[in-house]
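Novice: Provided herewith: final36.cif, mmCIF, C-alpha atoms and all ligand atoms.
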```cif
data_query
#
loop_
_atom_site.label_atom_id
_atom_site.label_comp_id
_atom_site.auth_asym_id
_atom_site.auth_seq_id
_atom_site.Cartn_x
_atom_site.Cartn_y
_atom_site.Cartn_z
CA MET A 10 17.70 -21.00 -22.65
CA TYR A 11 18.15 -17.78 -24.66
CA ASN A 12 21.48 -16.09 -25.43
CA ASN A 13 20.22 -12.96 -27.14
CA LEU A 14 16.79 -12.41 -25.60
CA LEU A 15 16.08 -11.23 -22.07
CA LEU A 16 12.67 -12.28 -20.78
CA ARG A 17 10.76 -11.08 -17.75
CA GLU A 18 7.13 -11.27 -16.74
CA GLU A 19 5.41 -8.33 -15.06
CA ASN A 20 1.71 -8.29 -14.18
CA GLY A 21 0.95 -11.01 -16.72
CA ILE A 22 2.92 -9.27 -19.50
CA LEU A 23 5.96 -10.94 -21.07
CA ILE A 24 8.61 -8.28 -21.76
CA VAL A 25 11.16 -9.46 -24.32
CA THR A 26 14.34 -7.45 -24.86
CA ILE A 27 16.55 -8.18 -27.86
CA ASN A 28 19.91 -7.96 -26.19
CA ARG A 29 22.76 -7.27 -28.63
CA GLU A 30 23.29 -3.63 -27.81
CA LYS A 31 26.83 -3.42 -29.27
CA ALA A 32 25.48 -4.46 -32.69
CA LEU A 33 22.41 -2.22 -32.25
CA ASN A 34 20.39 -5.40 -31.60
CA ALA A 35 20.87 -6.64 -35.17
CA LEU A 36 19.04 -9.88 -35.89
CA ASN A 37 21.69 -12.53 -36.43
CA THR A 38 20.74 -16.16 -37.12
CA GLN A 39 20.88 -17.11 -33.45
CA THR A 40 18.51 -14.28 -32.48
CA MET A 41 16.06 -15.22 -35.24
CA LEU A 42 16.09 -18.85 -34.07
CA GLU A 43 15.44 -17.69 -30.51
CA LEU A 44 12.52 -15.46 -31.59
CA LYS A 45 11.09 -18.41 -33.54
CA GLN A 46 11.35 -20.70 -30.52
CA LEU A 47 9.87 -18.02 -28.28
CA PHE A 48 6.77 -17.31 -30.35
CA GLU A 49 6.16 -20.83 -31.68
CA GLU A 50 6.88 -22.90 -28.56
CA ASP A 51 7.57 -20.96 -25.38
CA ALA A 52 5.20 -17.97 -25.24
CA PRO A 53 2.06 -19.98 -26.21
CA GLN A 54 2.56 -22.08 -23.04
CA ARG A 55 2.76 -19.08 -20.73
CA ALA A 56 -0.15 -17.72 -18.72
CA ILE A 57 0.26 -14.17 -20.02
CA HIS A 58 -2.15 -11.67 -21.52
CA GLY A 59 0.27 -9.84 -23.78
CA VAL A 60 3.84 -9.38 -24.98
CA ILE A 61 6.06 -6.31 -25.30
CA LEU A 62 9.07 -6.53 -27.64
CA THR A 63 11.87 -4.00 -27.28
CA GLY A 64 15.60 -3.56 -27.83
CA ALA A 65 18.44 -3.17 -25.32
CA GLY A 66 19.91 0.30 -24.78
CA PRO A 67 18.69 3.79 -25.68
CA LYS A 68 19.77 3.82 -29.34
CA ALA A 69 18.17 0.97 -31.26
CA PHE A 70 15.15 -1.28 -31.32
CA VAL A 71 16.76 -3.43 -34.03
CA ALA A 72 19.10 -1.99 -36.71
CA GLY A 73 18.27 -4.77 -39.18
CA ALA A 74 19.44 -8.22 -40.06
CA ASP A 75 23.06 -8.78 -39.02
CA ILE A 76 25.06 -7.56 -42.01
CA SER A 77 28.18 -9.36 -40.75
CA GLU A 78 26.50 -12.65 -41.78
CA PHE A 79 25.58 -11.46 -45.28
CA LEU A 80 28.75 -12.32 -47.20
CA THR A 81 28.20 -16.07 -46.79
CA LEU A 82 24.70 -15.87 -48.26
CA ASP A 83 23.83 -17.49 -51.58
CA VAL A 84 20.48 -18.06 -53.28
CA GLU A 85 19.73 -21.22 -51.31
CA LYS A 86 20.75 -19.79 -47.92
CA GLY A 87 18.96 -16.54 -48.78
CA ARG A 88 15.72 -18.43 -49.40
CA GLU A 89 16.12 -20.33 -46.12
CA MET A 90 16.81 -17.10 -44.25
CA ALA A 91 13.76 -15.33 -45.68
CA GLN A 92 11.50 -18.36 -45.11
CA ARG A 93 12.60 -18.68 -41.49
CA GLY A 94 12.00 -14.94 -41.02
CA HIS A 95 8.53 -15.19 -42.55
CA ASP A 96 7.61 -18.18 -40.36
CA THR A 97 8.79 -16.34 -37.25
CA PHE A 98 7.12 -13.04 -38.04
CA PHE A 99 3.85 -14.80 -38.94
CA ALA A 100 4.03 -16.53 -35.53
CA ILE A 101 4.24 -13.04 -33.97
CA GLU A 102 1.46 -11.59 -36.14
CA ARG A 103 -0.78 -14.59 -35.41
CA PHE A 104 0.08 -14.78 -31.71
CA PRO A 105 -3.28 -15.09 -29.93
CA LYS A 106 -2.46 -12.40 -27.33
CA PRO A 107 -1.62 -8.78 -28.20
CA VAL A 108 2.03 -8.11 -29.05
CA ILE A 109 3.28 -4.51 -28.86
CA ALA A 110 6.61 -3.32 -30.25
CA ALA A 111 8.16 -0.70 -27.95
CA VAL A 112 10.45 0.93 -30.52
CA ASN A 113 13.24 2.60 -28.56
CA GLY A 114 15.43 3.86 -31.41
CA PHE A 115 16.42 2.64 -34.88
CA ALA A 116 13.97 0.18 -36.44
CA LEU A 117 15.64 -0.50 -39.75
CA GLY A 118 15.37 -3.35 -42.23
CA GLY A 119 14.47 -6.47 -40.25
CA GLY A 120 13.84 -4.22 -37.24
CA CYS A 121 11.15 -2.27 -39.06
CA GLU A 122 9.77 -5.59 -40.34
CA LEU A 123 9.74 -7.01 -36.82
CA ALA A 124 7.91 -3.96 -35.48
CA MET A 125 5.40 -4.19 -38.33
CA ALA A 126 4.65 -7.84 -37.54
CA CYS A 127 3.58 -6.83 -34.02
CA HIS A 128 -0.04 -5.84 -33.43
CA MET A 129 0.80 -2.28 -32.38
CA ARG A 130 3.85 -0.03 -32.28
CA ILE A 131 4.74 2.58 -29.66
CA ALA A 132 7.76 4.70 -30.60
CA SER A 133 10.11 6.77 -28.49
CA GLU A 134 10.82 10.29 -29.72
CA ASN A 135 14.26 9.23 -31.05
CA ALA A 136 12.88 6.30 -33.08
CA ARG A 137 13.75 6.09 -36.78
CA PHE A 138 12.14 3.71 -39.25
CA GLY A 139 13.31 2.57 -42.66
CA GLN A 140 13.89 -0.25 -45.10
CA PRO A 141 17.44 0.50 -46.31
CA GLU A 142 17.99 -2.90 -47.98
CA VAL A 143 18.25 -1.46 -51.51
CA SER A 144 21.35 0.40 -50.34
CA LEU A 145 22.93 -3.04 -49.87
CA GLY A 146 21.60 -4.37 -53.17
CA ILE A 147 18.97 -6.61 -51.63
CA ILE A 148 15.31 -6.25 -50.76
CA PRO A 149 13.50 -6.72 -47.45
CA GLY A 150 13.19 -10.46 -46.78
CA TYR A 151 11.10 -10.60 -43.61
CA GLY A 152 7.80 -9.36 -45.04
CA GLY A 153 8.69 -5.67 -45.41
CA THR A 154 7.49 -5.26 -49.01
CA GLN A 155 4.07 -6.55 -47.97
CA ARG A 156 3.50 -5.21 -44.46
CA LEU A 157 4.76 -1.68 -45.19
CA ILE A 158 1.98 -1.35 -47.79
CA GLN A 159 -0.53 -2.66 -45.24
CA HIS A 160 0.52 -0.02 -42.74
CA ILE A 161 1.13 3.12 -44.82
CA GLY A 162 -0.27 2.45 -48.32
CA LYS A 163 1.40 1.64 -51.63
CA GLY A 164 2.76 5.02 -52.75
CA LYS A 165 4.57 5.94 -49.55
CA ALA A 166 5.71 2.33 -49.06
CA MET A 167 7.14 2.31 -52.57
CA GLU A 168 9.03 5.55 -51.83
CA LEU A 169 10.57 4.27 -48.59
CA LEU A 170 11.41 0.84 -50.07
CA LEU A 171 12.98 2.32 -53.22
CA THR A 172 14.90 5.21 -51.64
CA GLY A 173 15.88 3.45 -48.42
CA ASP A 174 15.12 6.74 -46.62
CA MET A 175 14.61 6.78 -42.89
CA ILE A 176 11.67 8.54 -41.29
CA ALA A 177 11.55 9.98 -37.79
CA ALA A 178 8.90 9.16 -35.19
CA PRO A 179 6.57 12.12 -35.92
CA GLU A 180 6.35 11.16 -39.60
CA ALA A 181 5.84 7.50 -38.68
CA LEU A 182 2.94 8.64 -36.49
CA GLN A 183 1.47 10.79 -39.23
CA LEU A 184 1.67 7.86 -41.71
CA GLY A 185 0.00 5.45 -39.28
CA LEU A 186 3.08 3.28 -38.91
CA VAL A 187 3.08 3.80 -35.15
CA ASN A 188 0.21 4.14 -32.71
CA HIS A 189 1.82 6.63 -30.30
CA VAL A 190 5.07 8.56 -29.84
CA VAL A 191 6.21 9.06 -26.24
CA PRO A 192 9.40 10.12 -24.41
CA GLN A 193 11.79 7.17 -24.18
CA GLU A 194 11.36 6.84 -20.41
CA SER A 195 7.58 6.37 -20.85
CA LEU A 196 7.81 3.75 -23.60
CA LEU A 197 7.22 0.59 -21.56
CA ASP A 198 4.63 2.33 -19.37
CA LYS A 199 2.58 3.29 -22.42
CA ALA A 200 2.73 -0.27 -23.83
CA GLN A 201 1.83 -1.69 -20.41
CA GLU A 202 -1.07 0.75 -20.06
CA ILE A 203 -2.57 -0.43 -23.36
CA LEU A 204 -2.08 -4.11 -22.50
CA ALA A 205 -3.65 -3.59 -19.07
CA LYS A 206 -6.72 -2.11 -20.73
CA ILE A 207 -6.97 -5.11 -23.07
CA ALA A 208 -6.45 -7.53 -20.17
CA ALA A 209 -9.80 -6.45 -18.72
CA LYS A 210 -11.63 -7.52 -21.89
CA GLY A 211 -12.95 -10.95 -22.83
CA PRO A 212 -9.86 -13.08 -23.63
CA VAL A 213 -11.55 -15.16 -26.32
CA ALA A 214 -12.89 -12.00 -27.95
CA VAL A 215 -9.38 -10.46 -27.91
CA THR A 216 -7.93 -13.51 -29.68
CA LYS A 217 -10.74 -13.52 -32.22
CA VAL A 218 -10.26 -9.82 -33.03
CA ILE A 219 -6.56 -10.49 -33.77
CA GLU A 220 -7.52 -13.45 -35.98
CA SER A 221 -10.19 -11.48 -37.86
CA VAL A 222 -8.05 -8.38 -38.42
CA ASN A 223 -5.22 -10.55 -39.74
CA ALA A 224 -7.64 -12.29 -42.11
CA TYR A 225 -8.18 -8.99 -43.95
CA PHE A 226 -4.68 -9.41 -45.37
CA GLN A 227 -4.80 -13.16 -45.93
CA PHE A 228 -5.35 -13.97 -49.57
CA ASP A 229 -6.41 -17.55 -48.83
CA ALA A 230 -9.19 -16.34 -46.53
CA PHE A 231 -11.99 -13.85 -47.01
CA GLY A 232 -11.78 -11.61 -43.96
CA PHE A 233 -15.52 -11.03 -43.71
CA ASP A 234 -16.15 -14.81 -43.63
CA THR A 235 -13.48 -15.19 -40.95
CA GLU A 236 -15.20 -12.49 -38.95
CA VAL A 237 -18.59 -14.26 -39.19
CA THR A 238 -17.06 -17.52 -37.92
CA ALA A 239 -15.10 -15.73 -35.19
CA PHE A 240 -18.13 -13.72 -34.10
CA ALA A 241 -20.23 -16.91 -33.93
CA HIS A 242 -17.49 -18.54 -31.83
CA THR A 243 -17.49 -15.70 -29.29
CA THR A 244 -21.28 -15.78 -28.94
CA GLY A 245 -20.93 -19.39 -27.73
CA THR A 246 -18.50 -18.52 -24.91
CA SER A 247 -19.41 -18.12 -21.27
CA ASP A 248 -17.32 -14.92 -21.33
CA PHE A 249 -19.85 -13.45 -23.73
CA LYS A 250 -22.75 -14.38 -21.45
CA GLU A 251 -20.83 -12.91 -18.52
CA GLY A 252 -19.93 -9.71 -20.40
CA ALA A 253 -23.51 -9.11 -21.55
CA SER A 254 -24.95 -9.98 -18.12
CA ALA A 255 -22.46 -7.71 -16.36
CA PHE A 256 -23.43 -4.81 -18.61
CA LEU A 257 -27.12 -5.35 -17.98
CA GLU A 258 -26.50 -5.73 -14.25
CA LYS A 259 -24.31 -2.59 -14.22
CA ARG A 260 -21.25 -4.36 -12.79
CA SER A 261 -17.73 -5.21 -14.02
CA PRO A 262 -17.44 -8.54 -15.84
CA ALA A 263 -15.41 -11.41 -14.37
CA PHE A 264 -14.06 -13.12 -17.49
CA GLN A 265 -12.76 -16.69 -17.29
CA GLY A 266 -11.28 -16.97 -20.78
CA LYS A 267 -13.83 -19.63 -21.76
N1 LIG B 1 24.25 -5.59 -38.69
C1 LIG B 1 25.40 -5.76 -38.02
N2 LIG B 1 25.97 -4.81 -37.28
C2 LIG B 1 25.35 -3.63 -37.20
C3 LIG B 1 24.16 -3.36 -37.86
C4 LIG B 1 23.59 -4.41 -38.63
N3 LIG B 1 22.43 -4.28 -39.29
N4 LIG B 1 23.79 -2.08 -37.62
C5 LIG B 1 24.73 -1.57 -36.82
N5 LIG B 1 25.67 -2.50 -36.57
C6 LIG B 1 26.87 -2.33 -35.74
C7 LIG B 1 27.92 -1.48 -36.43
O1 LIG B 1 28.67 -2.24 -37.35
C8 LIG B 1 28.73 -0.98 -35.26
O2 LIG B 1 29.58 -2.02 -34.86
P1 LIG B 1 31.10 -1.67 -34.39
O3 LIG B 1 30.93 -0.81 -33.17
O4 LIG B 1 31.67 -3.03 -34.08
O5 LIG B 1 31.73 -0.96 -35.53
C9 LIG B 1 27.67 -0.81 -34.16
O6 LIG B 1 26.55 -1.61 -34.55
C10 LIG B 1 27.20 0.62 -34.02
O7 LIG B 1 26.76 1.09 -35.30
P2 LIG B 1 27.31 2.42 -35.99
O8 LIG B 1 27.09 2.30 -37.46
O9 LIG B 1 28.70 2.71 -35.51
O10 LIG B 1 26.31 3.49 -35.36
P3 LIG B 1 25.85 4.88 -36.01
O11 LIG B 1 25.14 5.61 -34.93
O12 LIG B 1 26.97 5.56 -36.70
O13 LIG B 1 24.78 4.47 -37.15
C11 LIG B 1 22.93 3.22 -38.06
C12 LIG B 1 23.58 3.80 -36.79
C13 LIG B 1 21.75 2.37 -37.61
C14 LIG B 1 22.45 4.34 -38.98
C15 LIG B 1 23.95 2.35 -38.82
O14 LIG B 1 24.52 1.42 -37.89
C16 LIG B 1 23.39 1.55 -39.95
O15 LIG B 1 23.12 2.10 -41.01
N6 LIG B 1 23.19 0.23 -39.76
C17 LIG B 1 22.75 -0.68 -40.78
C18 LIG B 1 21.30 -0.50 -41.04
C19 LIG B 1 20.84 -1.39 -42.18
O16 LIG B 1 21.22 -1.26 -43.31
N7 LIG B 1 19.97 -2.35 -41.83
C20 LIG B 1 19.35 -3.23 -42.77
C21 LIG B 1 20.16 -4.45 -42.99
S1 LIG B 1 19.40 -5.44 -44.24
#
```
Could you take the file, read its structure, and then write that structure out as structure tokens?
Ligand code: COA
Specialist:
Amino acid sequence: MYNNLLLREENGILIVTINREKALNALNTQTMLELKQLFEEDAPQRAIHGVILTGAGPKAFVAGADISEFLTLDVEKGREMAQRGHDTFFAIERFPKPVIAAVNGFALGGGCELAMACHMRIASENARFGQPEVSLGIIPGYGGTQRLIQHIGKGKAMELLLTGDMIAAPEALQLGLVNHVVPQESLLDKAQEILAKIAAKGPVAVTKVIESVNAYFQFDAFGFDTEVTAFAHTTGTSDFKEGASAFLEKRSPAFQGK
């Protein structure tokens, strides 16, 4: 079904590995199509409570779009490529279950953009982040000019986007680009630990938090209004009644996802 993605499910978590190690997991067209299919069609059907995205091998998460495909690009194909990337990365950002990027090395260009579209980022100590597109005479095309500002603010985003400089994991942590930095061998464990914690929470509430947080950055929606509607929705769920009752009865809640 997939040529460039390895999928496995563990304890209700879908672990997706981008598997092009020899090209440092660069996102060629085929891989982008597979990610689109995964997040738009396949993953929504699965009974999972979260997704971890990582790259094959110890060196790279994703070293960018596949530069070997660049020389055939023209304005029309470039627009198609960027639009497909935006659709795919929005599908990740709007995925109703938490998606964590386990960044196991270089996250450059499209790799940094992919990590930024995920809900959280855990980095290994050897991780490096950057948007080096200007070095190739192009700009980020998978949302990087927008999401980098969302994560680290305009001034620092402008510096990284204009210089193409890479930053190491400690600086990414300090800037708020990543949630945690851990030794490479602990990367998946840390992501799994966070997802396991979330799995014990009310599933509808989890989905509505993702929706409301995303709305902050949506210019066609006023985030506070989205939050009111989402909050109202959760108060009508049986999970909410169960959660509140369990607290009052001093027991653990048994959520049904309804
Ligand atoms: N697209 C296609 N192939 C890529 C790639 C990319 N974005 N990034 C790395 N590769 C390939 C290299 O061409 C090389 O292939 P080869 O073994 O057939 O020659 C292989 O992956 C290993 O990369 P290499 O450059 O030899 O490793 P390195 O350790 O010297 O450098 C990087 C690692 C990440 C610094 C370097 O590969 C790099 O700068 N990559 C491009 C990053 C980039 O500009 N991304 C944004 C694209 S818009």
Novice: What are the nearest atom pairs, with distances in Å to one decimal, for all residues of range 50-127 of chain A that come at most 8 Å from range 219-230 of chain A, using all atoms listed in the file, set out by chain and rising residue number as JSON lines?
Specialist:
```
{"residue": "A:Glu102", "atom": "CA", "partner": "A:Asn223", "partner_atom": "CA", "distance": 7.7}
{"residue": "A:Arg103", "atom": "CA", "partner": "A:Glu220", "partner_atom": "CA", "distance": 6.9}
{"residue": "A:Pro105", "atom": "CA", "partner": "A:Ile219", "partner_atom": "CA", "distance": 6.8}
{"residue": "A:Lys106", "atom": "CA", "partner": "A:Ile219", "partner_atom": "CA", "distance": 7.9}
{"residue": "A:Pro107", "atom": "CA", "partner": "A:Ile219", "partner_atom": "CA", "distance": 7.6}
```
Novice: For the residues in that selection, give me C-alpha atoms as a CSV table (one decimal), in the coordinates of the input.
Specialist:
```csv
chain,number,residue,atom,x,y,z
A,102,GLU,CA,1.5,-11.6,-36.1
A,103,ARG,CA,-0.8,-14.6,-35.4
A,105,PRO,CA,-3.3,-15.1,-29.9
A,106,LYS,CA,-2.5,-12.4,-27.3
A,107,PRO,CA,-1.6,-8.8,-28.2
```
Novice: From the list A:Glu18, A:Glu43, A:Asp75, A:Asp83, which residue is nearest ligand LIG 1 (chain B) when using all atoms listed in the file?
Specialist: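 For ligand LIG 1 (chain B), the nearest of the given residues is A:Asp75.
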Novice: Taking only C-alpha atoms and all ligand atoms and a cut-off of 8 Å, can you tell me which residues surround ligand LIG 1 (chain B), written as a ChimeraX atom specification?
Specialist: /A:30-37,68-69,71-78,115,117-120,140-142,144-145,147-149
Novice: For Lys210 in chain A, find every residue with an atom within 9 Å (counting all atoms listed in the file), except residues of its own chain fewer than 5 positions away, and show them as a ChimeraX atom specification.
Specialist: /A:215,252,262,264
Novice: Name the residues in contact with Glu89 in chain A at a cut-off of 12 Å, using only C-alpha atoms, excluding same-chain residues fewer than 6 positions from it; report them as a ChimeraX atom specification.
Specialist: /A:38,82-83,95-96,150-151
Novice: With distances taken over only C-alpha atoms, which of A:Gln46, A:Thr244, A:Asn13, A:Gln39 is nearest to Phe98 in chain A?
Specialist: A:Gln46
Novice: At a cut-off of 10 Å, using only C-alpha atoms, what residues contact range 201-204 of chain A? Leave out same-chain residues fewer than 6 positions from it and give the result as a list in words.
Specialist: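 Here the answer would be Glu19, Asn20, Gly21, Ile22, Ile24, His58, Gly59, Val60, Ile61, Lys106, Pro107, Val108, Ile109, Ala111, Met129 and Ser195 of chain A.
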Novice: Given all atoms listed in the file as the basis, pick out the residue of A:Leu169, A:Ile27, A:Ala100, A:Ala65 nearest to Asp51 in chain A.
Specialist: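 Nearest to Asp51 in chain A: A:Ala100.
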Novice: So which one's closest to Phe240 in chain A, A:Ala253, A:Ala132, A:Leu23, A:Val213? Using only C-alpha atoms, please.
Specialist: A:Val213
Novice: Grab the CA of Gly162 in chain A to CA of Lys217 in chain A distance for me, in Å with one decimal place.
Specialist: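 Calculated distance between CA of Gly162 in chain A and CA of Lys217 in chain A is 25.0 Å.
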Novice: Please measure the separation of CA of Ala110 in chain A and CA of Glu236 in chain A, giving the value in Å to one decimal.
Specialist: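 A separation of 25.2 Å between them.
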Novice: Work out how far apart CA of Phe99 in chain A and CA of Ile158 in chain A are and give it in Å to one decimal.
Specialist: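 A separation of 16.2 Å between them.
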Novice: Select all residues near (-4.0, 6.7, -38.3) (cut-off 12 Å, inclusive, file coordinates), counting all atoms listed in the file, and output them as number ranges by chain.
Specialist: A: 129-130, 160-162, 180-189
Novice: Please produce an output containing C-alpha atoms for each residue in the selection, written as a tab-separated table (two decimals), keeping the file's coordinate frame.
Specialist:
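To be explicit, this is the file written out as selection_3.tsv:
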```
chain	number	residue	atom	x	y	z
A	129	MET	CA	0.80	-2.28	-32.38
A	130	ARG	CA	3.85	-0.03	-32.28
A	160	HIS	CA	0.52	-0.02	-42.74
A	161	ILE	CA	1.13	3.12	-44.82
A	162	GLY	CA	-0.27	2.45	-48.32
A	180	GLU	CA	6.35	11.16	-39.60
A	181	ALA	CA	5.84	7.50	-38.68
A	182	LEU	CA	2.94	8.64	-36.49
A	183	GLN	CA	1.47	10.79	-39.23
A	184	LEU	CA	1.67	7.86	-41.71
A	185	GLY	CA	0.00	5.45	-39.28
A	186	LEU	CA	3.08	3.28	-38.91
A	187	VAL	CA	3.08	3.80	-35.15
A	188	ASN	CA	0.21	4.14	-32.71
A	189	HIS	CA	1.82	6.63	-30.30
```
Novice: I'd like the neighbourhood of Gly266 in chain A as a PyMOL selection string, where a residue qualifies if any of its atoms comes within 9 Å (using all atoms listed in the file), though same-chain residues fewer than 4 positions away should be ignored.
Specialist: chain A and resi 211-214+246-248
Novice: Counting all atoms listed in the file, figure out which residue out of A:Cys121, A:Leu47, A:Ala126, A:Ala208 gets nearest to Ile176 in chain A.
Specialist: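 Nearest candidate to Ile176 in chain A out of A:Cys121, A:Leu47, A:Ala126, A:Ala208: A:Cys121.
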Novice: Which one is closest to Ala124 in chain A: A:Arg88, A:Arg93, A:Arg55, A:Arg156? Count all atoms listed in the file.
Specialist: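 The closest residue to Ala124 in chain A is A:Arg156.
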Novice: List the neighbours of Met175 in chain A out to 7 Å using all atoms listed in the file; skip same-chain residues closer than 2 positions along the sequence, and give me the result as a list in words.
Specialist: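 Here the qualifying residues turn out to be Arg137, Phe138, Gly139, Gly173 and Ala177 of chain A.
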Novice: With C-alpha atoms retained, export the selected residues as a PDB file, keeping the file's coordinate frame.
Specialist:
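Saved file selection_35.pdb follows:
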```pdb
ATOM      1  CA  ARG A 137      13.750   6.090 -36.780  1.00  0.00           C
ATOM      2  CA  PHE A 138      12.140   3.710 -39.250  1.00  0.00           C
ATOM      3  CA  GLY A 139      13.310   2.570 -42.660  1.00  0.00           C
ATOM      4  CA  GLY A 173      15.880   3.450 -48.420  1.00  0.00           C
ATOM      5  CA  ALA A 177      11.550   9.980 -37.790  1.00  0.00           C
TER       6      ALA A 177
END
```
Novice: Missing atoms in range 141-148 of chain A should be modelled up to all heavy atoms and reported as a PDB file, keeping the file's coordinate frame.
Specialist:
```pdb
ATOM      1  N   PRO A 141      16.293   0.076 -45.498  1.00  0.00           N
ATOM      2  CA  PRO A 141      17.440   0.500 -46.310  1.00  0.00           C
ATOM      3  C   PRO A 141      18.054  -0.607 -47.164  1.00  0.00           C
ATOM      4  O   PRO A 141      19.139  -0.415 -47.721  1.00  0.00           O
ATOM      5  CB  PRO A 141      18.439   0.969 -45.237  1.00  0.00           C
ATOM      6  CG  PRO A 141      18.124   0.135 -44.047  1.00  0.00           C
ATOM      7  CD  PRO A 141      16.659  -0.173 -44.102  1.00  0.00           C
ATOM      8  N   GLU A 142      17.365  -1.741 -47.299  1.00  0.00           N
ATOM      9  CA  GLU A 142      17.990  -2.900 -47.980  1.00  0.00           C
ATOM     10  C   GLU A 142      18.515  -2.578 -49.368  1.00  0.00           C
ATOM     11  O   GLU A 142      19.557  -3.097 -49.779  1.00  0.00           O
ATOM     12  CB  GLU A 142      16.989  -4.068 -48.069  1.00  0.00           C
ATOM     13  CG  GLU A 142      16.746  -4.789 -46.759  1.00  0.00           C
ATOM     14  CD  GLU A 142      15.656  -4.151 -45.895  1.00  0.00           C
ATOM     15  OE1 GLU A 142      15.219  -3.026 -46.203  1.00  0.00           O
ATOM     16  OE2 GLU A 142      15.250  -4.793 -44.917  1.00  0.00           O
ATOM     17  N   VAL A 143      17.780  -1.748 -50.138  1.00  0.00           N
ATOM     18  CA  VAL A 143      18.250  -1.460 -51.510  1.00  0.00           C
ATOM     19  C   VAL A 143      19.647  -0.851 -51.505  1.00  0.00           C
ATOM     20  O   VAL A 143      20.380  -1.004 -52.480  1.00  0.00           O
ATOM     21  CB  VAL A 143      17.280  -0.548 -52.317  1.00  0.00           C
ATOM     22  CG1 VAL A 143      16.053  -1.316 -52.796  1.00  0.00           C
ATOM     23  CG2 VAL A 143      16.888   0.688 -51.526  1.00  0.00           C
ATOM     24  N   SER A 144      20.004  -0.178 -50.419  1.00  0.00           N
ATOM     25  CA  SER A 144      21.350   0.400 -50.340  1.00  0.00           C
ATOM     26  C   SER A 144      22.410  -0.689 -50.327  1.00  0.00           C
ATOM     27  O   SER A 144      23.579  -0.445 -50.643  1.00  0.00           O
ATOM     28  CB  SER A 144      21.518   1.234 -49.065  1.00  0.00           C
ATOM     29  OG  SER A 144      20.446   2.105 -48.913  1.00  0.00           O
ATOM     30  N   LEU A 145      22.007  -1.904 -49.902  1.00  0.00           N
ATOM     31  CA  LEU A 145      22.930  -3.040 -49.870  1.00  0.00           C
ATOM     32  C   LEU A 145      22.735  -3.942 -51.079  1.00  0.00           C
ATOM     33  O   LEU A 145      23.354  -5.000 -51.183  1.00  0.00           O
ATOM     34  CB  LEU A 145      22.703  -3.869 -48.590  1.00  0.00           C
ATOM     35  CG  LEU A 145      22.897  -3.152 -47.257  1.00  0.00           C
ATOM     36  CD1 LEU A 145      22.405  -4.011 -46.107  1.00  0.00           C
ATOM     37  CD2 LEU A 145      24.364  -2.792 -47.051  1.00  0.00           C
ATOM     38  N   GLY A 146      21.836  -3.554 -51.965  1.00  0.00           N
ATOM     39  CA  GLY A 146      21.600  -4.370 -53.170  1.00  0.00           C
ATOM     40  C   GLY A 146      20.697  -5.556 -52.943  1.00  0.00           C
ATOM     41  O   GLY A 146      20.663  -6.480 -53.762  1.00  0.00           O
ATOM     42  N   ILE A 147      19.964  -5.558 -51.842  1.00  0.00           N
ATOM     43  CA  ILE A 147      18.970  -6.610 -51.630  1.00  0.00           C
ATOM     44  C   ILE A 147      17.608  -5.955 -51.374  1.00  0.00           C
ATOM     45  O   ILE A 147      17.492  -4.741 -51.418  1.00  0.00           O
ATOM     46  CB  ILE A 147      19.322  -7.562 -50.449  1.00  0.00           C
ATOM     47  CG1 ILE A 147      19.681  -6.747 -49.200  1.00  0.00           C
ATOM     48  CG2 ILE A 147      20.393  -8.548 -50.841  1.00  0.00           C
ATOM     49  CD1 ILE A 147      19.718  -7.576 -47.945  1.00  0.00           C
ATOM     50  N   ILE A 148      16.619  -6.793 -51.101  1.00  0.00           N
ATOM     51  CA  ILE A 148      15.310  -6.250 -50.760  1.00  0.00           C
ATOM     52  C   ILE A 148      14.936  -6.761 -49.370  1.00  0.00           C
ATOM     53  O   ILE A 148      15.574  -7.690 -48.859  1.00  0.00           O
ATOM     54  CB  ILE A 148      14.219  -6.639 -51.796  1.00  0.00           C
ATOM     55  CG1 ILE A 148      13.838  -8.129 -51.680  1.00  0.00           C
ATOM     56  CG2 ILE A 148      14.675  -6.308 -53.218  1.00  0.00           C
ATOM     57  CD1 ILE A 148      12.503  -8.451 -52.334  1.00  0.00           C
TER      58      ILE A 148
END
```
